[in-house]
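Have a look at my_file_7.csv below; it lists CSV, C-alpha atoms (C1' of nucleotides).
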chain,number,residue,atom,x,y,z
A,1,MET,CA,-0.1,-17.9,6.0
A,2,LEU,CA,-3.1,-17.2,3.8
A,3,VAL,CA,-3.6,-18.7,0.4
A,4,ALA,CA,-3.4,-16.0,-2.2
A,5,THR,CA,-6.5,-15.3,-4.3
A,6,LYS,CA,-6.6,-16.8,-7.7
A,7,LYS,CA,-8.2,-13.9,-9.5
A,8,PRO,CA,-5.9,-12.4,-12.1
A,9,ILE,CA,-6.7,-8.9,-11.1
A,10,ASP,CA,-5.5,-9.6,-7.5
A,11,LEU,CA,-2.3,-11.0,-8.9
A,12,GLN,CA,-1.7,-8.0,-11.0
A,13,ALA,CA,-2.4,-5.7,-8.1
A,14,LYS,CA,0.2,-7.6,-6.1
A,15,LEU,CA,2.7,-7.4,-8.9
A,16,PHE,CA,2.3,-3.6,-9.0
A,17,ARG,CA,2.7,-3.4,-5.2
A,18,GLY,CA,6.2,-4.7,-5.8
A,19,PHE,CA,6.9,-1.4,-7.5
A,20,ALA,CA,4.7,0.8,-5.4
A,21,GLU,CA,7.1,1.7,-2.6
A,22,PRO,CA,10.1,4.1,-2.7
A,23,ALA,CA,12.4,1.6,-1.0
A,24,ARG,CA,11.6,-1.2,-3.4
A,25,LEU,CA,11.7,1.1,-6.3
A,26,ALA,CA,15.2,2.3,-5.3
A,27,ILE,CA,16.3,-1.3,-5.0
A,28,LEU,CA,14.9,-2.1,-8.5
A,29,GLN,CA,16.7,0.9,-9.9
A,30,VAL,CA,20.0,-0.3,-8.5
A,31,LEU,CA,19.4,-3.7,-9.9
A,32,ARG,CA,19.0,-2.3,-13.4
A,33,LYS,CA,22.8,-1.9,-13.5
A,34,GLY,CA,23.1,-5.7,-13.2
A,35,ALA,CA,23.7,-8.3,-10.4
A,36,VAL,CA,24.7,-6.7,-7.1
A,37,THR,CA,25.1,-7.9,-3.5
A,38,VAL,CA,22.9,-6.9,-0.6
A,39,GLY,CA,25.7,-4.9,0.8
A,40,ASP,CA,26.0,-2.9,-2.4
A,41,ILE,CA,22.3,-2.1,-2.3
A,42,VAL,CA,22.5,-1.1,1.4
A,43,GLN,CA,25.4,1.3,0.5
A,44,THR,CA,23.7,2.8,-2.5
A,45,THR,CA,20.3,3.3,-1.0
A,46,ASN,CA,21.2,4.2,2.6
A,47,LEU,CA,18.5,1.8,3.8
A,48,SER,CA,19.2,-0.4,6.7
A,49,GLN,CA,20.4,-3.9,6.1
A,50,SER,CA,17.4,-5.6,7.4
A,51,ASN,CA,15.1,-3.3,5.6
A,52,VAL,CA,16.8,-4.1,2.3
A,53,SER,CA,16.7,-7.8,3.1
A,54,ASN,CA,13.0,-7.7,3.8
A,55,HIS,CA,12.2,-5.8,0.6
A,56,LEU,CA,14.5,-8.1,-1.4
A,57,ASN,CA,12.6,-11.1,0.0
A,58,CYS,CA,9.3,-9.4,-1.0
A,59,LEU,CA,10.6,-8.7,-4.5
A,60,LYS,CA,11.9,-12.3,-4.8
A,61,ASP,CA,8.7,-13.8,-3.6
A,62,CYS,CA,6.8,-11.7,-6.1
A,63,GLY,CA,9.1,-12.9,-8.9
A,64,LEU,CA,10.6,-9.5,-9.7
A,65,VAL,CA,14.1,-10.4,-8.7
A,66,SER,CA,16.2,-13.6,-8.5
A,67,SER,CA,19.2,-14.3,-6.4
A,68,GLU,CA,22.3,-16.4,-6.5
A,69,GLN,CA,24.7,-17.2,-3.7
A,70,ARG,CA,28.4,-16.8,-4.6
A,71,GLY,CA,30.7,-17.4,-1.7
A,72,ARG,CA,29.5,-15.4,1.2
A,73,PHE,CA,27.7,-12.9,-1.0
A,74,VAL,CA,24.2,-13.1,-2.4
A,75,TYR,CA,23.8,-11.5,-5.8
A,76,TYR,CA,20.4,-10.1,-6.8
A,77,GLN,CA,19.2,-9.2,-10.2
A,78,LEU,CA,16.0,-8.4,-12.1
A,79,SER,CA,14.4,-11.7,-13.1
A,80,ASP,CA,13.1,-10.4,-16.4
A,81,GLU,CA,14.2,-7.7,-18.8
A,82,ARG,CA,10.7,-6.5,-19.2
A,83,ILE,CA,10.8,-5.3,-15.6
A,84,ALA,CA,13.2,-2.6,-16.7
A,85,LYS,CA,11.0,-1.9,-19.6
A,86,LEU,CA,8.0,-1.4,-17.3
A,87,LEU,CA,10.1,1.0,-15.2
A,88,ASP,CA,11.0,3.0,-18.4
A,89,LEU,CA,7.4,3.2,-19.4
A,90,ALA,CA,6.4,4.4,-16.0
A,91,ASP,CA,9.1,7.1,-16.3
A,92,GLU,CA,7.7,8.2,-19.6
A,93,ILE,CA,4.2,8.4,-18.3
A,94,LEU,CA,5.4,10.2,-15.3
A,95,ALA,CA,7.1,12.8,-17.4
A,96,ASP,CA,3.8,13.8,-18.8
A,97,VAL,CA,1.5,13.4,-15.8
A,98,ALA,CA,4.1,14.3,-13.2
A,99,LYS,CA,2.2,17.4,-12.2
A,100,GLY,CA,-0.9,15.3,-11.3
A,101,VAL,CA,1.1,12.8,-9.3
A,102,TYR,CA,2.9,15.6,-7.6
A,103,GLU,CA,-0.3,17.0,-6.4
A,104,CYS,CA,-2.0,13.7,-5.5
A,105,THR,CA,-2.8,13.9,-1.8
A,106,ARG,CA,-4.7,10.6,-1.4
A,107,LEU,CA,-1.6,8.5,-1.5
A,108,GLN,CA,0.6,10.3,0.9
A,109,ASN,CA,3.5,8.0,1.3
A,110,GLY,CA,6.3,10.2,0.0
B,1,MET,CA,-2.6,18.4,3.3
B,2,LEU,CA,1.1,17.7,3.1
B,3,VAL,CA,3.3,18.8,0.2
B,4,ALA,CA,4.4,15.8,-1.8
B,5,THR,CA,8.1,15.0,-1.9
B,6,LYS,CA,10.0,16.1,-4.9
B,7,LYS,CA,12.2,13.1,-5.4
B,8,PRO,CA,11.4,11.3,-8.6
B,9,ILE,CA,11.5,7.9,-7.0
B,10,ASP,CA,8.7,8.9,-4.6
B,11,LEU,CA,6.6,10.2,-7.5
B,12,GLN,CA,7.2,7.0,-9.4
B,13,ALA,CA,6.2,4.9,-6.3
B,14,LYS,CA,3.0,7.0,-6.1
B,15,LEU,CA,2.3,6.4,-9.7
B,16,PHE,CA,2.5,2.7,-9.2
B,17,ARG,CA,0.3,2.8,-6.2
B,18,GLY,CA,-2.4,3.9,-8.5
B,19,PHE,CA,-2.2,0.5,-10.1
B,20,ALA,CA,-1.4,-1.5,-6.9
B,21,GLU,CA,-4.9,-2.2,-5.7
B,22,PRO,CA,-7.6,-4.6,-7.0
B,23,ALA,CA,-10.4,-2.0,-7.0
B,24,ARG,CA,-8.4,0.6,-8.9
B,25,LEU,CA,-7.1,-1.9,-11.3
B,26,ALA,CA,-10.6,-3.1,-11.9
B,27,ILE,CA,-11.7,0.5,-12.6
B,28,LEU,CA,-8.7,1.0,-15.0
B,29,GLN,CA,-9.6,-2.2,-16.9
B,30,VAL,CA,-13.2,-0.9,-17.4
B,31,LEU,CA,-11.8,2.4,-18.6
B,32,ARG,CA,-9.7,0.7,-21.3
B,33,LYS,CA,-13.0,0.3,-23.2
B,34,GLY,CA,-13.3,4.1,-23.4
B,35,ALA,CA,-15.1,6.8,-21.5
B,36,VAL,CA,-17.7,5.6,-19.1
B,37,THR,CA,-19.8,7.0,-16.3
B,38,VAL,CA,-19.3,6.4,-12.6
B,39,GLY,CA,-22.5,4.5,-12.6
B,40,ASP,CA,-21.3,2.2,-15.3
B,41,ILE,CA,-18.2,1.5,-13.3
B,42,VAL,CA,-20.2,0.8,-10.2
B,43,GLN,CA,-22.3,-1.7,-12.1
B,44,THR,CA,-19.5,-3.4,-13.9
B,45,THR,CA,-17.2,-3.8,-10.8
B,46,ASN,CA,-19.8,-4.3,-8.1
B,47,LEU,CA,-18.0,-1.9,-5.9
B,48,SER,CA,-20.0,0.6,-3.8
B,49,GLN,CA,-20.6,4.0,-5.3
B,50,SER,CA,-18.6,5.9,-2.7
B,51,ASN,CA,-15.8,3.4,-3.0
B,52,VAL,CA,-15.6,3.9,-6.8
B,53,SER,CA,-15.8,7.7,-6.4
B,54,ASN,CA,-12.9,7.7,-3.9
B,55,HIS,CA,-10.8,5.5,-6.1
B,56,LEU,CA,-11.6,7.6,-9.2
B,57,ASN,CA,-10.5,10.7,-7.3
B,58,CYS,CA,-7.3,9.0,-6.3
B,59,LEU,CA,-6.7,8.0,-9.9
B,60,LYS,CA,-7.5,11.4,-11.2
B,61,ASP,CA,-5.2,13.1,-8.6
B,62,CYS,CA,-2.5,10.8,-9.7
B,63,GLY,CA,-3.0,11.7,-13.3
B,64,LEU,CA,-4.0,8.2,-14.5
B,65,VAL,CA,-7.5,9.2,-15.5
B,66,SER,CA,-9.3,12.4,-16.6
B,67,SER,CA,-13.0,13.3,-16.3
B,68,GLU,CA,-15.5,15.3,-18.1
B,69,GLN,CA,-19.0,16.3,-17.1
B,70,ARG,CA,-21.8,15.8,-19.6
B,71,GLY,CA,-25.2,16.6,-18.4
B,72,ARG,CA,-25.6,14.9,-15.1
B,73,PHE,CA,-23.1,12.3,-15.8
B,74,VAL,CA,-19.4,12.4,-15.3
B,75,TYR,CA,-17.4,10.5,-17.9
B,76,TYR,CA,-14.0,9.1,-16.9
B,77,GLN,CA,-11.3,7.9,-19.2
B,78,LEU,CA,-7.6,6.9,-19.2
B,79,SER,CA,-5.6,10.1,-19.5
B,80,ASP,CA,-2.9,8.5,-21.6
B,81,GLU,CA,-2.8,5.6,-24.0
B,82,ARG,CA,0.5,4.4,-22.5
B,83,ILE,CA,-1.4,3.5,-19.3
B,84,ALA,CA,-3.1,0.7,-21.2
B,85,LYS,CA,0.3,-0.2,-22.6
B,86,LEU,CA,1.7,-0.5,-19.1
B,87,LEU,CA,-1.2,-2.7,-18.1
B,88,ASP,CA,-0.4,-5.0,-21.1
B,89,LEU,CA,3.2,-5.2,-20.1
B,90,ALA,CA,2.3,-6.1,-16.6
B,91,ASP,CA,0.1,-8.8,-18.0
B,92,GLU,CA,3.0,-10.2,-19.9
B,93,ILE,CA,5.4,-10.1,-17.0
B,94,LEU,CA,2.7,-11.7,-14.9
B,95,ALA,CA,2.3,-14.5,-17.4
B,96,ASP,CA,5.9,-15.5,-16.8
B,97,VAL,CA,6.3,-14.8,-13.1
B,98,ALA,CA,2.8,-15.5,-12.0
B,99,LYS,CA,3.8,-18.4,-9.9
B,100,GLY,CA,6.0,-16.2,-7.8
B,101,VAL,CA,3.4,-13.6,-7.3
B,102,TYR,CA,0.8,-16.2,-6.5
B,103,GLU,CA,3.1,-17.5,-3.7
B,104,CYS,CA,4.1,-14.1,-2.4
B,105,THR,CA,3.0,-13.9,1.2
B,106,ARG,CA,4.5,-10.6,2.1
B,107,LEU,CA,1.9,-8.6,0.2
B,108,GLN,CA,-1.3,-10.2,1.3
B,109,ASN,CA,-3.9,-8.0,0.0
B,110,GLY,CA,-5.7,-10.4,-2.3
C,1,DA,C1',36.4,-25.2,15.5
C,2,DC,C1',36.7,-20.2,15.7
C,3,DA,C1',36.5,-15.4,14.3
C,4,DA,C1',34.8,-12.2,11.0
C,5,DC,C1',31.8,-11.0,7.7
C,6,DA,C1',27.3,-11.2,4.9
C,7,DT,C1',22.6,-11.9,5.0
C,8,DA,C1',18.1,-13.4,6.9
C,9,DT,C1',14.4,-13.7,10.4
C,10,DG,C1',11.2,-12.4,14.0
C,11,DA,C1',8.7,-9.3,17.1
C,12,DT,C1',7.2,-4.8,17.8
C,13,DT,C1',5.5,-0.4,16.7
C,14,DA,C1',3.9,3.2,13.8
C,15,DT,C1',1.6,4.6,9.9
C,16,DA,C1',-1.0,4.4,5.5
C,17,DT,C1',-4.8,3.1,3.3
C,18,DA,C1',-9.4,0.7,2.0
C,19,DA,C1',-14.2,0.1,2.9
C,20,DT,C1',-18.4,1.6,4.8
C,21,DG,C1',-22.4,4.3,5.8
C,22,DA,C1',-24.3,8.7,6.2
C,23,DT,C1',-24.8,12.9,4.1
C,24,DA,C1',-23.9,16.7,0.9
C,25,DT,C1',-23.7,18.7,-3.7
C,26,DA,C1',-24.6,18.9,-8.6
C,27,DT,C1',-27.8,18.6,-12.6
C,28,DT,C1',-32.0,17.9,-15.1
C,29,DG,C1',-36.8,18.1,-16.3
C,30,DA,C1',-41.5,19.1,-14.8
D,1,DT,C1',-38.7,25.5,-7.1
D,2,DC,C1',-39.3,20.6,-6.3
D,3,DA,C1',-38.4,15.7,-7.1
D,4,DA,C1',-35.3,12.5,-9.0
D,5,DT,C1',-30.9,11.0,-10.3
D,6,DA,C1',-25.7,11.1,-10.4
D,7,DT,C1',-21.7,11.9,-8.1
D,8,DA,C1',-18.7,13.6,-4.2
D,9,DT,C1',-17.3,14.2,0.5
D,10,DC,C1',-16.6,13.1,5.4
D,11,DA,C1',-15.9,10.4,9.6
D,12,DT,C1',-15.0,6.1,11.3
D,13,DT,C1',-13.1,1.6,11.6
D,14,DA,C1',-10.4,-2.2,10.2
D,15,DT,C1',-6.5,-3.8,8.0
D,16,DA,C1',-2.0,-4.0,5.6
D,17,DT,C1',2.4,-2.7,5.5
D,18,DA,C1',7.1,-0.3,6.5
D,19,DA,C1',10.7,0.5,9.7
D,20,DT,C1',13.4,-0.7,13.5
D,21,DC,C1',16.0,-3.4,16.6
D,22,DA,C1',17.8,-7.6,18.3
D,23,DT,C1',19.2,-11.8,17.0
D,24,DA,C1',20.0,-15.9,14.2
D,25,DT,C1',21.9,-18.2,10.3
D,26,DG,C1',25.3,-19.1,6.8
D,27,DT,C1',30.0,-18.7,4.6
D,28,DT,C1',35.0,-18.3,4.4
D,29,DG,C1',39.8,-18.5,5.8
D,30,DT,C1',42.8,-19.8,9.5
Produce structure tokens that represent the structure in this file.
Amino acid sequence: MLVATKKPIDLQAKLFRGFAEPARLAILQVLRKGAVTVGDIVQTTNLSQSNVSNHLNCLKDCGLVSSEQRGRFVYYQLSDERIAKLLDLADEILADVAKGVYECTRLQNG
Amino acid sequence: MLVATKKPIDLQAKLFRGFAEPARLAILQVLRKGAVTVGDIVQTTNLSQSNVSNHLNCLKDCGLVSSEQRGRFVYYQLSDERIAKLLDLADEILADVAKGVYECTRLQNG
DNA sequence: ACAACATATGATTATATAATGATATATTGA
DNA sequence: TCAATATATCATTATATAATCATATGTTGT
């Protein structure tokens, strides 16, 4: 387990990576509706349970989501309302630059 | 050259990937000051010329920056003011969740 | 304690991407 | 056209990460 770099720019890059993946983004979108269980996310996203669990842990480590156990369920939610705001802003930008992103072939994942 | 997926969530993930890397983020920060040449970016960031060029092409393909040739120089700039806004918002979020990001070991790049 | 359900963890494999170094392509002025 | 400068492209290598499968852990009600 390496120690993370202290440089702000590396932290910021890491923060953005939380958003930079379709599966995690799908999870974040589900979480915008409020606190939901892992099972709910699995159903809504059609991702495998372990895949969702892994991504949730990633998002939690990175501070984007928080979790709370209630009975045998674990509820996840966005840890800060500004995360939804950032998603909105990205939507807006995307609406105007979508053509460029659509044609971007250097980042091919999706 | 594959055709990009049409799903909005994939486009959004791709957009975020533009931001999700220290080198590109460093370039974007330089561009916040206005239009600058590739050489300026190389000097400011200490990245290699070809590395900067590759990342700039990536950012351009993804619609985050635009370029304009003037004489033998190519000037790059942010393509939309909301990109700076998004960076600011990320800074804000980071200020509050920084500890989590710092400790995140699942995304180790930096 | 046991069965049933909910979630997490770990190892493995496949893929995506970043960095580098060498080279190619502008562009300008002499 | 030639030399000099600025930027882009390409191939290679190294690394980071996502997905999967199997299994482990935790929780509840009986």
Original post:
So how far away is CA of Leu56 in chain B from CA of Ile41 in chain B, in Å?
Top reply: 9.9 Å
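Distances here use all atoms listed in the file; by that measure, the residue among A:Val52, A:Phe73, A:Asp61, A:Ile27 closest to chain B is A:Asp61.
For the pair CA of Leu47 in chain B and CA of Gln12 in chain B, the separation is 27.0 Å.
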Cα-based least-squares overlay of chain A on chain B, as a PDB file with C-alpha atoms, keeping the file's coordinate frame:
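The file below, superposed_31.pdb, is the result:
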ATOM      1  CA  MET A   1      -2.420  18.378   3.584  1.00  0.00           C
ATOM      2  CA  LEU A   2       1.257  17.539   3.254  1.00  0.00           C
ATOM      3  CA  VAL A   3       3.432  18.725   0.439  1.00  0.00           C
ATOM      4  CA  ALA A   4       4.481  15.791  -1.654  1.00  0.00           C
ATOM      5  CA  THR A   5       8.194  14.964  -1.848  1.00  0.00           C
ATOM      6  CA  LYS A   6      10.023  16.142  -4.862  1.00  0.00           C
ATOM      7  CA  LYS A   7      12.225  13.121  -5.348  1.00  0.00           C
ATOM      8  CA  PRO A   8      11.490  11.337  -8.600  1.00  0.00           C
ATOM      9  CA  ILE A   9      11.583   7.963  -7.020  1.00  0.00           C
ATOM     10  CA  ASP A  10       8.765   8.971  -4.584  1.00  0.00           C
ATOM     11  CA  LEU A  11       6.734  10.167  -7.518  1.00  0.00           C
ATOM     12  CA  GLN A  12       7.179   6.972  -9.353  1.00  0.00           C
ATOM     13  CA  ALA A  13       6.270   4.967  -6.295  1.00  0.00           C
ATOM     14  CA  LYS A  14       3.074   6.991  -6.047  1.00  0.00           C
ATOM     15  CA  LEU A  15       2.303   6.478  -9.690  1.00  0.00           C
ATOM     16  CA  PHE A  16       2.591   2.695  -9.230  1.00  0.00           C
ATOM     17  CA  ARG A  17       0.340   2.841  -6.139  1.00  0.00           C
ATOM     18  CA  GLY A  18      -2.353   4.006  -8.525  1.00  0.00           C
ATOM     19  CA  PHE A  19      -2.204   0.548 -10.038  1.00  0.00           C
ATOM     20  CA  ALA A  20      -1.411  -1.400  -6.929  1.00  0.00           C
ATOM     21  CA  GLU A  21      -4.914  -2.085  -5.636  1.00  0.00           C
ATOM     22  CA  PRO A  22      -7.530  -4.547  -7.004  1.00  0.00           C
ATOM     23  CA  ALA A  23     -10.299  -1.948  -6.918  1.00  0.00           C
ATOM     24  CA  ARG A  24      -8.327   0.632  -8.840  1.00  0.00           C
ATOM     25  CA  LEU A  25      -7.030  -1.930 -11.177  1.00  0.00           C
ATOM     26  CA  ALA A  26     -10.594  -3.104 -11.957  1.00  0.00           C
ATOM     27  CA  ILE A  27     -11.593   0.484 -12.577  1.00  0.00           C
ATOM     28  CA  LEU A  28      -8.609   0.984 -14.964  1.00  0.00           C
ATOM     29  CA  GLN A  29      -9.554  -2.171 -16.796  1.00  0.00           C
ATOM     30  CA  VAL A  30     -13.076  -0.915 -17.351  1.00  0.00           C
ATOM     31  CA  LEU A  31     -11.760   2.351 -18.566  1.00  0.00           C
ATOM     32  CA  ARG A  32      -9.704   0.640 -21.252  1.00  0.00           C
ATOM     33  CA  LYS A  33     -12.955   0.153 -23.203  1.00  0.00           C
ATOM     34  CA  GLY A  34     -13.256   3.957 -23.441  1.00  0.00           C
ATOM     35  CA  ALA A  35     -15.101   6.794 -21.567  1.00  0.00           C
ATOM     36  CA  VAL A  36     -17.662   5.487 -19.079  1.00  0.00           C
ATOM     37  CA  THR A  37     -19.773   7.009 -16.289  1.00  0.00           C
ATOM     38  CA  VAL A  38     -19.346   6.330 -12.600  1.00  0.00           C
ATOM     39  CA  GLY A  39     -22.527   4.411 -12.612  1.00  0.00           C
ATOM     40  CA  ASP A  40     -21.244   2.116 -15.336  1.00  0.00           C
ATOM     41  CA  ILE A  41     -18.114   1.406 -13.326  1.00  0.00           C
ATOM     42  CA  VAL A  42     -20.165   0.751 -10.149  1.00  0.00           C
ATOM     43  CA  GLN A  43     -22.294  -1.782 -12.155  1.00  0.00           C
ATOM     44  CA  THR A  44     -19.366  -3.519 -13.752  1.00  0.00           C
ATOM     45  CA  THR A  45     -17.187  -3.806 -10.714  1.00  0.00           C
ATOM     46  CA  ASN A  46     -19.791  -4.385  -7.982  1.00  0.00           C
ATOM     47  CA  LEU A  47     -17.984  -1.828  -5.817  1.00  0.00           C
ATOM     48  CA  SER A  48     -19.977   0.618  -3.871  1.00  0.00           C
ATOM     49  CA  GLN A  49     -20.616   4.021  -5.306  1.00  0.00           C
ATOM     50  CA  SER A  50     -18.620   5.897  -2.842  1.00  0.00           C
ATOM     51  CA  ASN A  51     -15.795   3.488  -3.032  1.00  0.00           C
ATOM     52  CA  VAL A  52     -15.595   3.941  -6.797  1.00  0.00           C
ATOM     53  CA  SER A  53     -15.802   7.701  -6.395  1.00  0.00           C
ATOM     54  CA  ASN A  54     -12.952   7.744  -3.933  1.00  0.00           C
ATOM     55  CA  HIS A  55     -10.714   5.571  -6.115  1.00  0.00           C
ATOM     56  CA  LEU A  56     -11.640   7.626  -9.197  1.00  0.00           C
ATOM     57  CA  ASN A  57     -10.609  10.783  -7.315  1.00  0.00           C
ATOM     58  CA  CYS A  58      -7.301   9.067  -6.370  1.00  0.00           C
ATOM     59  CA  LEU A  59      -6.698   8.016  -9.971  1.00  0.00           C
ATOM     60  CA  LYS A  60      -7.570  11.545 -11.207  1.00  0.00           C
ATOM     61  CA  ASP A  61      -5.357  13.217  -8.710  1.00  0.00           C
ATOM     62  CA  CYS A  62      -2.523  10.933  -9.722  1.00  0.00           C
ATOM     63  CA  GLY A  63      -3.080  11.819 -13.392  1.00  0.00           C
ATOM     64  CA  LEU A  64      -4.076   8.328 -14.522  1.00  0.00           C
ATOM     65  CA  VAL A  65      -7.580   9.244 -15.493  1.00  0.00           C
ATOM     66  CA  SER A  66      -9.407  12.404 -16.663  1.00  0.00           C
ATOM     67  CA  SER A  67     -13.033  13.233 -16.419  1.00  0.00           C
ATOM     68  CA  GLU A  68     -15.607  15.249 -18.247  1.00  0.00           C
ATOM     69  CA  GLN A  69     -19.061  16.256 -17.109  1.00  0.00           C
ATOM     70  CA  ARG A  70     -21.826  15.697 -19.698  1.00  0.00           C
ATOM     71  CA  GLY A  71     -25.249  16.516 -18.406  1.00  0.00           C
ATOM     72  CA  ARG A  72     -25.717  14.820 -15.126  1.00  0.00           C
ATOM     73  CA  PHE A  73     -23.130  12.165 -15.892  1.00  0.00           C
ATOM     74  CA  VAL A  74     -19.395  12.307 -15.365  1.00  0.00           C
ATOM     75  CA  TYR A  75     -17.395  10.405 -17.947  1.00  0.00           C
ATOM     76  CA  TYR A  76     -13.992   8.990 -16.980  1.00  0.00           C
ATOM     77  CA  GLN A  77     -11.280   7.802 -19.226  1.00  0.00           C
ATOM     78  CA  LEU A  78      -7.583   6.896 -19.189  1.00  0.00           C
ATOM     79  CA  SER A  79      -5.604  10.121 -19.551  1.00  0.00           C
ATOM     80  CA  ASP A  80      -2.866   8.547 -21.624  1.00  0.00           C
ATOM     81  CA  GLU A  81      -2.696   5.613 -23.994  1.00  0.00           C
ATOM     82  CA  ARG A  82       0.500   4.454 -22.479  1.00  0.00           C
ATOM     83  CA  ILE A  83      -1.420   3.593 -19.319  1.00  0.00           C
ATOM     84  CA  ALA A  84      -3.025   0.753 -21.221  1.00  0.00           C
ATOM     85  CA  LYS A  85       0.308  -0.168 -22.554  1.00  0.00           C
ATOM     86  CA  LEU A  86       1.742  -0.389 -19.027  1.00  0.00           C
ATOM     87  CA  LEU A  87      -1.194  -2.626 -18.050  1.00  0.00           C
ATOM     88  CA  ASP A  88      -0.431  -4.934 -21.074  1.00  0.00           C
ATOM     89  CA  LEU A  89       3.179  -5.151 -20.116  1.00  0.00           C
ATOM     90  CA  ALA A  90       2.312  -6.007 -16.579  1.00  0.00           C
ATOM     91  CA  ASP A  91       0.047  -8.780 -17.941  1.00  0.00           C
ATOM     92  CA  GLU A  92       2.877 -10.153 -19.983  1.00  0.00           C
ATOM     93  CA  ILE A  93       5.251 -10.157 -17.094  1.00  0.00           C
ATOM     94  CA  LEU A  94       2.662 -11.695 -14.947  1.00  0.00           C
ATOM     95  CA  ALA A  95       2.166 -14.514 -17.369  1.00  0.00           C
ATOM     96  CA  ASP A  96       5.693 -15.571 -16.833  1.00  0.00           C
ATOM     97  CA  VAL A  97       6.197 -14.845 -13.135  1.00  0.00           C
ATOM     98  CA  ALA A  98       2.621 -15.553 -12.115  1.00  0.00           C
ATOM     99  CA  LYS A  99       3.677 -18.506 -10.021  1.00  0.00           C
ATOM    100  CA  GLY A 100       5.971 -16.266  -7.887  1.00  0.00           C
ATOM    101  CA  VAL A 101       3.312 -13.633  -7.393  1.00  0.00           C
ATOM    102  CA  TYR A 102       0.824 -16.300  -6.574  1.00  0.00           C
ATOM    103  CA  GLU A 103       2.954 -17.514  -3.812  1.00  0.00           C
ATOM    104  CA  CYS A 104       4.070 -14.110  -2.488  1.00  0.00           C
ATOM    105  CA  THR A 105       2.908 -13.947   1.117  1.00  0.00           C
ATOM    106  CA  ARG A 106       4.447 -10.585   2.110  1.00  0.00           C
ATOM    107  CA  LEU A 107       1.874  -8.569   0.282  1.00  0.00           C
ATOM    108  CA  GLN A 108      -1.282 -10.184   1.413  1.00  0.00           C
ATOM    109  CA  ASN A 109      -3.927  -7.918   0.097  1.00  0.00           C
ATOM    110  CA  GLY A 110      -5.764 -10.287  -2.222  1.00  0.00           C
TER     111      GLY A 110
END
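The shortest atom-to-atom distance to DA8 in chain D, with only C-alpha atoms (C1' of nucleotides) taken into account, belongs to B:Val74 out of B:Ile9, B:Leu25, B:Leu86, B:Val74.
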**OP:** Tell me the residues of chain D close to chain A, meaning within 12 Å using only C-alpha atoms (C1' of nucleotides), as a list in words.
**Re:** DA16, DT17, DA18, DA19, DT20, DC21, DA22, DT23, DG26, DT27, DT28 and DG29 of chain D
